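Peer 1: One structure, as structure tokens, below. Some questions next.
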Amino acid sequence: MTSRHRASLLWTPAVILLAAGSIIPLLMTLWFSAQHYNLVTPDLTGFAGFENYRLLIGDPAFWASLRNTLVLVGSVLLVTIVLGVALAVLFNQDFPGRNITRLLVIAPFFIMPTVSALIWKNLLMHPVYGVFGIVARDLGGTAVDWFADHPMVSLIMILSWEWLPFSSLILLTALQSLDQEQLEAARMDGAGAMARFVWITLPHLRRAVSVVIMMETIFLLAVFAEIFVTTSGGPGTATTNLAYLIYGRALLQFDIGGAAAGGVIAIILANIVAALLARTMATQLEA
Amino acid sequence: MRASRVSHTSVMLLAWTVALVVFFPIAWTVLTSFKTESSAIDASAMLHFQPTLSSYSEVFDRAQYVDYAINSLIVSVGATLLVAILAVPCAYSMAFHPARSTRGLLLWMLSTKMLPPVGVLMPMYILFRSMGLLDTRIGLILMDTLMNLPLAVWMLFTFFKEIPRDILEAGRMDGARVTDEIRHLLLPLALPGLASTSLLSLIFCWNEAFWSLTLTSSSAAPLAAFIASFSSPEGLFFAKLSAASTLAFAPILVLGWLGQRRLVRGLTFGAVK
């Protein structure tokens, strides 16, 4: 075997490991989803056909979790992109301490999700001892019991805080490659600040925005730790997303068949996003 | 002139306000970590308090923080090394010896990232149990490697693509073997790229929570799982939670700050420059 031939095969260990680590479990999930497999009722085994899917689709909790997933992903995307564009424009200006403020803004991205969720829930949002409540009472208002009264909003706030640095950083980087001469020419031609923003800056950010949308969607569809340490999906099913529902089915109710059916649906959902992402990424390979 | 001076100042004020608001939860956590438990929940002691290290010493003494930190360190560094060992040769052959299958393979690798972890939770749990990998560091290293490998290959691939082929070709003419070519020609040139790839992998491994919470319980549990134990309702210990949190995020925050300039390309698979 020639050295050149060997070099062209160096990708195999990584690909084989990744294939084993993704295809085998994927096939197992598909298999389990068509089996009667519940550790609570070990006597009932065998082929279940679409029974697990039928039970899942007939369960209101499943539809609630699907709705919660979409609300969570959609809201966090909206907040992080709108605020992200605003922050990118702001931090693209020149002002004293720009580098330090950028470091401060990007910091939440590096905080582990379990920490972020717990410090928000306790130190900030606790109705009695949290900063928000204390400040609200000092100002003469009443403290909000965030997680009891607005559990979903609370989660959206925490997740938006976690993901705002990501969107602002990506959008800021994209903004820096904007052709300043083009903006200047538009200004000379009498275009106002708003017109320049809408007709030049925003179109320039389109690619970065789509990248942010798709990357965030991948992670937001799978949000788990933040729910695990704050609401455990409650109250009721108010904050149970698809990921948390499947986790509950699998490791709390031991319904492996049902969890697998949910897993298959989660995979299909993610793949719809993946198809969009792959199209954008494929253009990267043309270069 | 006058108007622009005013807007200059207001931009600065606004930017600093935004930055401090975004950073506030982190600063507040660090501040609270230096309080006693009673002053941590005392509204009149929000800023006026006697700084103490008692919460830190309690986290060290009673909560076995060190055990969890060691797990985090071994798992993150181990997985990042394994990722580098697998991803460097892979990205090298894809960037410099592309075949017809290369493009498809790269896209397929990316697509595995779309597989939601929860979709394969049960199979992974059962596989891990049957192989005796549940609650082991090796198991978590393997899992983190699987999670980060696609990203690493993509990042390295885009970095390698920018290295002029001639340099490597010249080395090959001089009779350099593939391993020498990678070690003595490619890696020195691609060191910044390798550094930011490893940094990102390290951050993701350190912060990884899903598999840490589901596949480990005690002996291999990393800091992400340790912090989660503070969510139990009987433990409203703000100062201790803050101290443990600060200890958990401080190292990775510093690393992240040092490397933040290089992160964008990695985070977007090179799609935004």
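Numbering starts fresh at 1 for the residues of each chain in the structure tokens, the chains themselves are lettered A, B, ... in the order given, and ligands are numbered from 1 as they appear.
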Dump as a Markdown table the rows for residues of chain B within 7 Å of chain A: closest atom pair and distance in Å with one decimal, only C-alpha atoms counted, ordered by chain and rising residue number.

Peer 2:
```
| residue | atom | partner | partner_atom | distance |
| --- | --- | --- | --- | --- |
| B:Met12 | CA | A:Phe95 | CA | 5.5 |
| B:Ala15 | CA | A:Leu90 | CA | 6.5 |
| B:Trp16 | CA | A:Thr101 | CA | 6.3 |
| B:Ala19 | CA | A:Val105 | CA | 5.2 |
| B:Val22 | CA | A:Val105 | CA | 5.8 |
| B:Phe23 | CA | A:Leu104 | CA | 5.5 |
| B:Ile41 | CA | A:Tyr129 | CA | 5.3 |
| B:Ala43 | CA | A:Ile134 | CA | 6.5 |
| B:Leu86 | CA | A:Ala14 | CA | 5.2 |
| B:Ala87 | CA | A:Ala14 | CA | 6.4 |
| B:Pro89 | CA | A:Leu10 | CA | 5.3 |
| B:Cys90 | CA | A:Trp11 | CA | 3.6 |
| B:Ala91 | CA | A:Trp11 | CA | 6.9 |
| B:Ser93 | CA | A:Ser8 | CA | 5.0 |
| B:Met94 | CA | A:Trp11 | CA | 6.9 |
| B:His97 | CA | A:Ser8 | CA | 5.1 |
| B:Leu107 | CA | A:Ala278 | CA | 6.8 |
| B:Ser111 | CA | A:Ala274 | CA | 6.5 |
| B:Thr112 | CA | A:Ser22 | CA | 6.8 |
| B:Met114 | CA | A:Ala270 | CA | 5.9 |
| B:Leu115 | CA | A:Ile267 | CA | 5.9 |
| B:Pro116 | CA | A:Ala222 | CA | 6.0 |
| B:Val118 | CA | A:Ala243 | CA | 5.8 |
| B:Gly119 | CA | A:Gly263 | CA | 3.7 |
| B:Val120 | CA | A:Pro25 | CA | 5.7 |
| B:Met122 | CA | A:Ala250 | CA | 6.7 |
| B:Pro123 | CA | A:Pro25 | CA | 5.2 |
| B:Met124 | CA | A:Pro25 | CA | 6.4 |
| B:Leu146 | CA | A:Leu18 | CA | 6.1 |
| B:Val178 | CA | A:Ala7 | CA | 6.4 |
| B:Asn207 | CA | A:Met112 | CA | 4.5 |
| B:Ala209 | CA | A:Ala225 | CA | 6.0 |
| B:Phe210 | CA | A:Ala225 | CA | 6.2 |
| B:Ala224 | CA | A:Thr114 | CA | 6.0 |
| B:Ile227 | CA | A:Val115 | CA | 6.4 |
| B:Ala228 | CA | A:Val229 | CA | 5.8 |
| B:Ser231 | CA | A:Val229 | CA | 5.4 |
| B:Phe238 | CA | A:Leu123 | CA | 6.7 |
| B:Ser245 | CA | A:Val115 | CA | 5.9 |
| B:Phe249 | CA | A:Ile111 | CA | 5.6 |
| B:Ile252 | CA | A:Phe110 | CA | 6.6 |
| B:Leu253 | CA | A:Phe110 | CA | 5.5 |
| B:Gly256 | CA | A:Phe110 | CA | 6.4 |
| B:Trp257 | CA | A:Leu103 | CA | 6.5 |
| B:Val264 | CA | A:Ile170 | CA | 6.1 |
| B:Thr268 | CA | A:Val211 | CA | 6.8 |
| B:Ala271 | CA | A:Gln284 | CA | 6.6 |
| B:Val272 | CA | A:Ala208 | CA | 6.3 |
| B:Lys273 | CA | A:Ala174 | CA | 6.6 |
```

Peer 1: May I have the residues from that selection written out with C-alpha atoms, as an mmCIF file, in the first residue's frame?

Peer 2:
```cif
data_model
loop_
_atom_site.group_PDB
_atom_site.id
_atom_site.type_symbol
_atom_site.label_atom_id
_atom_site.label_comp_id
_atom_site.auth_asym_id
_atom_site.auth_seq_id
_atom_site.Cartn_x
_atom_site.Cartn_y
_atom_site.Cartn_z
ATOM 1 C CA MET B 12 -20.814 54.110 25.351
ATOM 2 C CA ALA B 15 -23.193 49.515 25.634
ATOM 3 C CA TRP B 16 -21.794 49.477 29.148
ATOM 4 C CA ALA B 19 -22.876 44.562 29.130
ATOM 5 C CA VAL B 22 -25.915 40.637 30.771
ATOM 6 C CA PHE B 23 -22.999 39.947 33.085
ATOM 7 C CA ILE B 41 -30.725 35.727 51.838
ATOM 8 C CA ALA B 43 -32.180 41.782 51.678
ATOM 9 C CA LEU B 86 -9.251 10.897 15.660
ATOM 10 C CA ALA B 87 -10.115 14.203 14.005
ATOM 11 C CA PRO B 89 -5.935 12.392 10.579
ATOM 12 C CA CYS B 90 -9.539 12.406 9.385
ATOM 13 C CA ALA B 91 -9.572 16.115 8.502
ATOM 14 C CA SER B 93 -7.071 13.067 4.558
ATOM 15 C CA MET B 94 -10.312 14.833 3.693
ATOM 16 C CA HIS B 97 -6.485 13.655 -0.259
ATOM 17 C CA LEU B 107 -22.250 16.167 5.441
ATOM 18 C CA SER B 111 -25.978 15.176 10.229
ATOM 19 C CA THR B 112 -25.104 12.974 13.217
ATOM 20 C CA MET B 114 -28.741 16.516 14.410
ATOM 21 C CA LEU B 115 -29.491 13.259 16.162
ATOM 22 C CA PRO B 116 -31.069 14.541 19.381
ATOM 23 C CA VAL B 118 -32.698 11.970 23.854
ATOM 24 C CA GLY B 119 -33.622 10.037 20.703
ATOM 25 C CA VAL B 120 -30.940 7.474 21.488
ATOM 26 C CA MET B 122 -32.523 4.224 25.883
ATOM 27 C CA PRO B 123 -30.211 2.335 23.486
ATOM 28 C CA MET B 124 -27.208 4.150 24.901
ATOM 29 C CA LEU B 146 -18.958 10.985 19.872
ATOM 30 C CA VAL B 178 2.559 10.763 6.188
ATOM 31 C CA ASN B 207 -20.413 21.919 30.299
ATOM 32 C CA ALA B 209 -25.088 17.947 31.057
ATOM 33 C CA PHE B 210 -27.457 15.520 29.327
ATOM 34 C CA ALA B 224 -22.467 19.602 35.815
ATOM 35 C CA ILE B 227 -24.362 21.365 40.610
ATOM 36 C CA ALA B 228 -27.655 19.695 39.692
ATOM 37 C CA SER B 231 -31.731 21.666 42.834
ATOM 38 C CA PHE B 238 -27.559 30.343 48.178
ATOM 39 C CA SER B 245 -21.103 27.363 40.826
ATOM 40 C CA PHE B 249 -17.541 27.858 35.784
ATOM 41 C CA ILE B 252 -13.848 27.420 31.655
ATOM 42 C CA LEU B 253 -14.891 31.084 31.655
ATOM 43 C CA GLY B 256 -13.296 30.909 26.945
ATOM 44 C CA TRP B 257 -12.336 34.553 27.348
ATOM 45 C CA VAL B 264 -16.834 32.180 15.795
ATOM 46 C CA THR B 268 -20.544 28.170 12.656
ATOM 47 C CA ALA B 271 -19.924 29.576 7.559
ATOM 48 C CA VAL B 272 -19.382 33.046 9.070
ATOM 49 C CA LYS B 273 -15.991 34.684 8.896
#
```

Peer 1: Quick one: pick out all helix (DSSP H, G or I) residues within segment 126-159 of chain A from a backbone DSSP run and write them as an MDAnalysis selection string.

Peer 2: chainID A and resid 131:138 146:149 151:159

Peer 1: Suppose you want the space between atom CA of Lys161 of chain B and atom CA of Tyr92 of chain B; what is it in Å?

Peer 2: 9.0 Å

Peer 1: Show which residues sit within 9 Å of Ala69 of chain B, as a VMD selection string. Count only C-alpha atoms, and ignore same-chain residues fewer than 5 positions away.

Peer 2: chain B and resid 64 74 222 to 223 247 to 248

Peer 1: Got a sec: who's within 8 Å of Ser160 of chain A, counting only C-alpha atoms, leaving out chain neighbours fewer than 2 positions off, as a list in words?

Peer 2: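 My reading of the contact set: Val76, Leu77, Val79, Thr80, Ile156, Met157, Ile158, Glu162, Trp163 and Leu164 of chain A.
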
Peer 1: Keeping only C-alpha atoms, write the selected residues as a PDB file, in the first residue's frame.

Peer 2:
```pdb
ATOM      1  CA  VAL A  76     -35.784  31.907  22.383  1.00  0.00           C
ATOM      2  CA  LEU A  77     -34.951  32.246  18.678  1.00  0.00           C
ATOM      3  CA  VAL A  79     -35.515  37.005  21.536  1.00  0.00           C
ATOM      4  CA  THR A  80     -31.907  36.076  20.774  1.00  0.00           C
ATOM      5  CA  ILE A 156     -37.371  31.296  28.017  1.00  0.00           C
ATOM      6  CA  MET A 157     -35.602  34.062  29.964  1.00  0.00           C
ATOM      7  CA  ILE A 158     -32.856  31.719  31.159  1.00  0.00           C
ATOM      8  CA  GLU A 162     -27.605  31.583  27.636  1.00  0.00           C
ATOM      9  CA  TRP A 163     -27.910  31.972  23.865  1.00  0.00           C
ATOM     10  CA  LEU A 164     -27.802  35.752  23.413  1.00  0.00           C
TER      11      LEU A 164
END
```

Peer 1: Which residues are close to Ala238 of chain A, i.e. within 12 Å by only C-alpha atoms, leaving aside same-chain residues fewer than 3 positions away? Reply as number ranges by chain.

Peer 2: A: 61-69, 71-72, 147-155, 227, 231-235, 241-242, 244-245

Peer 1: Just N, CA and C atoms for this one: save the residues we selected as a tab-separated table (two decimals), in the first residue's frame.

Peer 2:
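The resulting file, again-v8.tsv, is shown below:
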```
chain	number	residue	atom	x	y	z
A	61	ALA	N	-50.36	14.57	26.87
A	61	ALA	CA	-49.06	15.05	27.34
A	61	ALA	C	-48.07	15.16	26.18
A	62	PHE	N	-48.21	14.26	25.19
A	62	PHE	CA	-47.32	14.32	24.04
A	62	PHE	C	-47.54	15.60	23.25
A	63	TRP	N	-48.82	15.91	23.02
A	63	TRP	CA	-49.11	17.14	22.25
A	63	TRP	C	-48.70	18.38	23.02
A	64	ALA	N	-48.88	18.32	24.35
A	64	ALA	CA	-48.43	19.45	25.17
A	64	ALA	C	-46.92	19.61	25.04
A	65	SER	N	-46.21	18.49	25.06
A	65	SER	CA	-44.74	18.58	25.00
A	65	SER	C	-44.29	19.09	23.63
A	66	LEU	N	-45.01	18.69	22.59
A	66	LEU	CA	-44.67	19.17	21.25
A	66	LEU	C	-44.89	20.68	21.16
A	67	ARG	N	-46.02	21.12	21.73
A	67	ARG	CA	-46.31	22.56	21.73
A	67	ARG	C	-45.26	23.31	22.55
A	68	ASN	N	-44.94	22.77	23.74
A	68	ASN	CA	-43.94	23.42	24.58
A	68	ASN	C	-42.58	23.51	23.88
A	69	THR	N	-42.23	22.44	23.18
A	69	THR	CA	-40.95	22.45	22.45
A	69	THR	C	-40.93	23.58	21.44
A	71	VAL	N	-42.87	26.29	21.32
A	71	VAL	CA	-42.92	27.61	21.98
A	71	VAL	C	-41.53	28.00	22.48
A	72	LEU	N	-40.88	27.04	23.11
A	72	LEU	CA	-39.55	27.30	23.68
A	72	LEU	C	-38.56	27.68	22.58
A	147	PHE	N	-41.32	30.98	38.80
A	147	PHE	CA	-41.47	29.60	38.36
A	147	PHE	C	-42.84	29.01	38.68
A	148	ALA	N	-43.55	29.59	39.66
A	148	ALA	CA	-44.89	29.10	39.95
A	148	ALA	C	-45.91	29.68	38.98
A	149	ASP	N	-45.77	30.98	38.70
A	149	ASP	CA	-46.80	31.65	37.90
A	149	ASP	C	-46.48	31.70	36.40
A	150	HIS	N	-45.20	31.81	36.08
A	150	HIS	CA	-44.83	31.90	34.65
A	150	HIS	C	-43.67	30.95	34.35
A	151	PRO	N	-43.90	29.65	34.50
A	151	PRO	CA	-42.76	28.72	34.36
A	151	PRO	C	-42.12	28.77	32.97
A	152	MET	N	-42.96	28.82	31.92
A	152	MET	CA	-42.40	28.80	30.58
A	152	MET	C	-41.63	30.09	30.29
A	153	VAL	N	-42.22	31.23	30.71
A	153	VAL	CA	-41.52	32.50	30.52
A	153	VAL	C	-40.17	32.48	31.24
A	154	SER	N	-40.15	31.90	32.44
A	154	SER	CA	-38.91	31.83	33.20
A	154	SER	C	-37.85	31.06	32.42
A	155	LEU	N	-38.26	29.90	31.88
A	155	LEU	CA	-37.30	29.10	31.11
A	155	LEU	C	-36.81	29.86	29.88
A	227	ILE	N	-34.40	22.31	32.30
A	227	ILE	CA	-35.70	21.87	32.80
A	227	ILE	C	-35.51	20.91	33.97
A	231	THR	N	-37.74	22.98	36.85
A	231	THR	CA	-39.17	22.69	36.98
A	231	THR	C	-39.49	21.20	36.94
A	232	SER	N	-38.54	20.36	36.53
A	232	SER	CA	-38.82	18.95	36.28
A	232	SER	C	-40.03	18.80	35.36
A	233	GLY	N	-40.20	19.73	34.46
A	233	GLY	CA	-41.27	19.63	33.47
A	233	GLY	C	-42.60	20.22	33.93
A	234	GLY	N	-42.68	20.61	35.20
A	234	GLY	CA	-43.96	21.07	35.73
A	234	GLY	C	-44.10	22.58	35.75
A	235	PRO	N	-45.08	23.14	36.41
A	235	PRO	CA	-46.16	22.36	37.06
A	235	PRO	C	-47.03	21.63	36.04
A	241	ASN	N	-40.88	19.60	27.65
A	241	ASN	CA	-40.67	19.57	26.20
A	241	ASN	C	-40.50	18.12	25.77
A	242	LEU	N	-40.31	17.90	24.47
A	242	LEU	CA	-40.25	16.54	23.96
A	242	LEU	C	-39.10	15.77	24.60
A	244	TYR	N	-37.73	16.19	27.52
A	244	TYR	CA	-38.00	15.85	28.92
A	244	TYR	C	-39.08	14.78	29.03
A	245	LEU	N	-40.06	14.82	28.11
A	245	LEU	CA	-41.10	13.80	28.09
A	245	LEU	C	-40.50	12.42	27.87
```

Peer 1: Distance atom CA of Ile138 of chain B-atom CA of Pro192 of chain B, one decimal place?

Peer 2: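 A separation of 28.3 Å between them.
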
Peer 1: Between atom CA of Leu186 of chain B and atom CA of Leu156 of chain B, what is the spacing in Å?

Peer 2: 11.1 Å

Peer 1: Which is closer to Ser229 of chain B than all the others in B:Met155, B:Ser130, B:Met173, B:Tyr68, using only C-alpha atoms?

Peer 2: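 Distance minimum relative to Ser229 of chain B lands on B:Tyr68.
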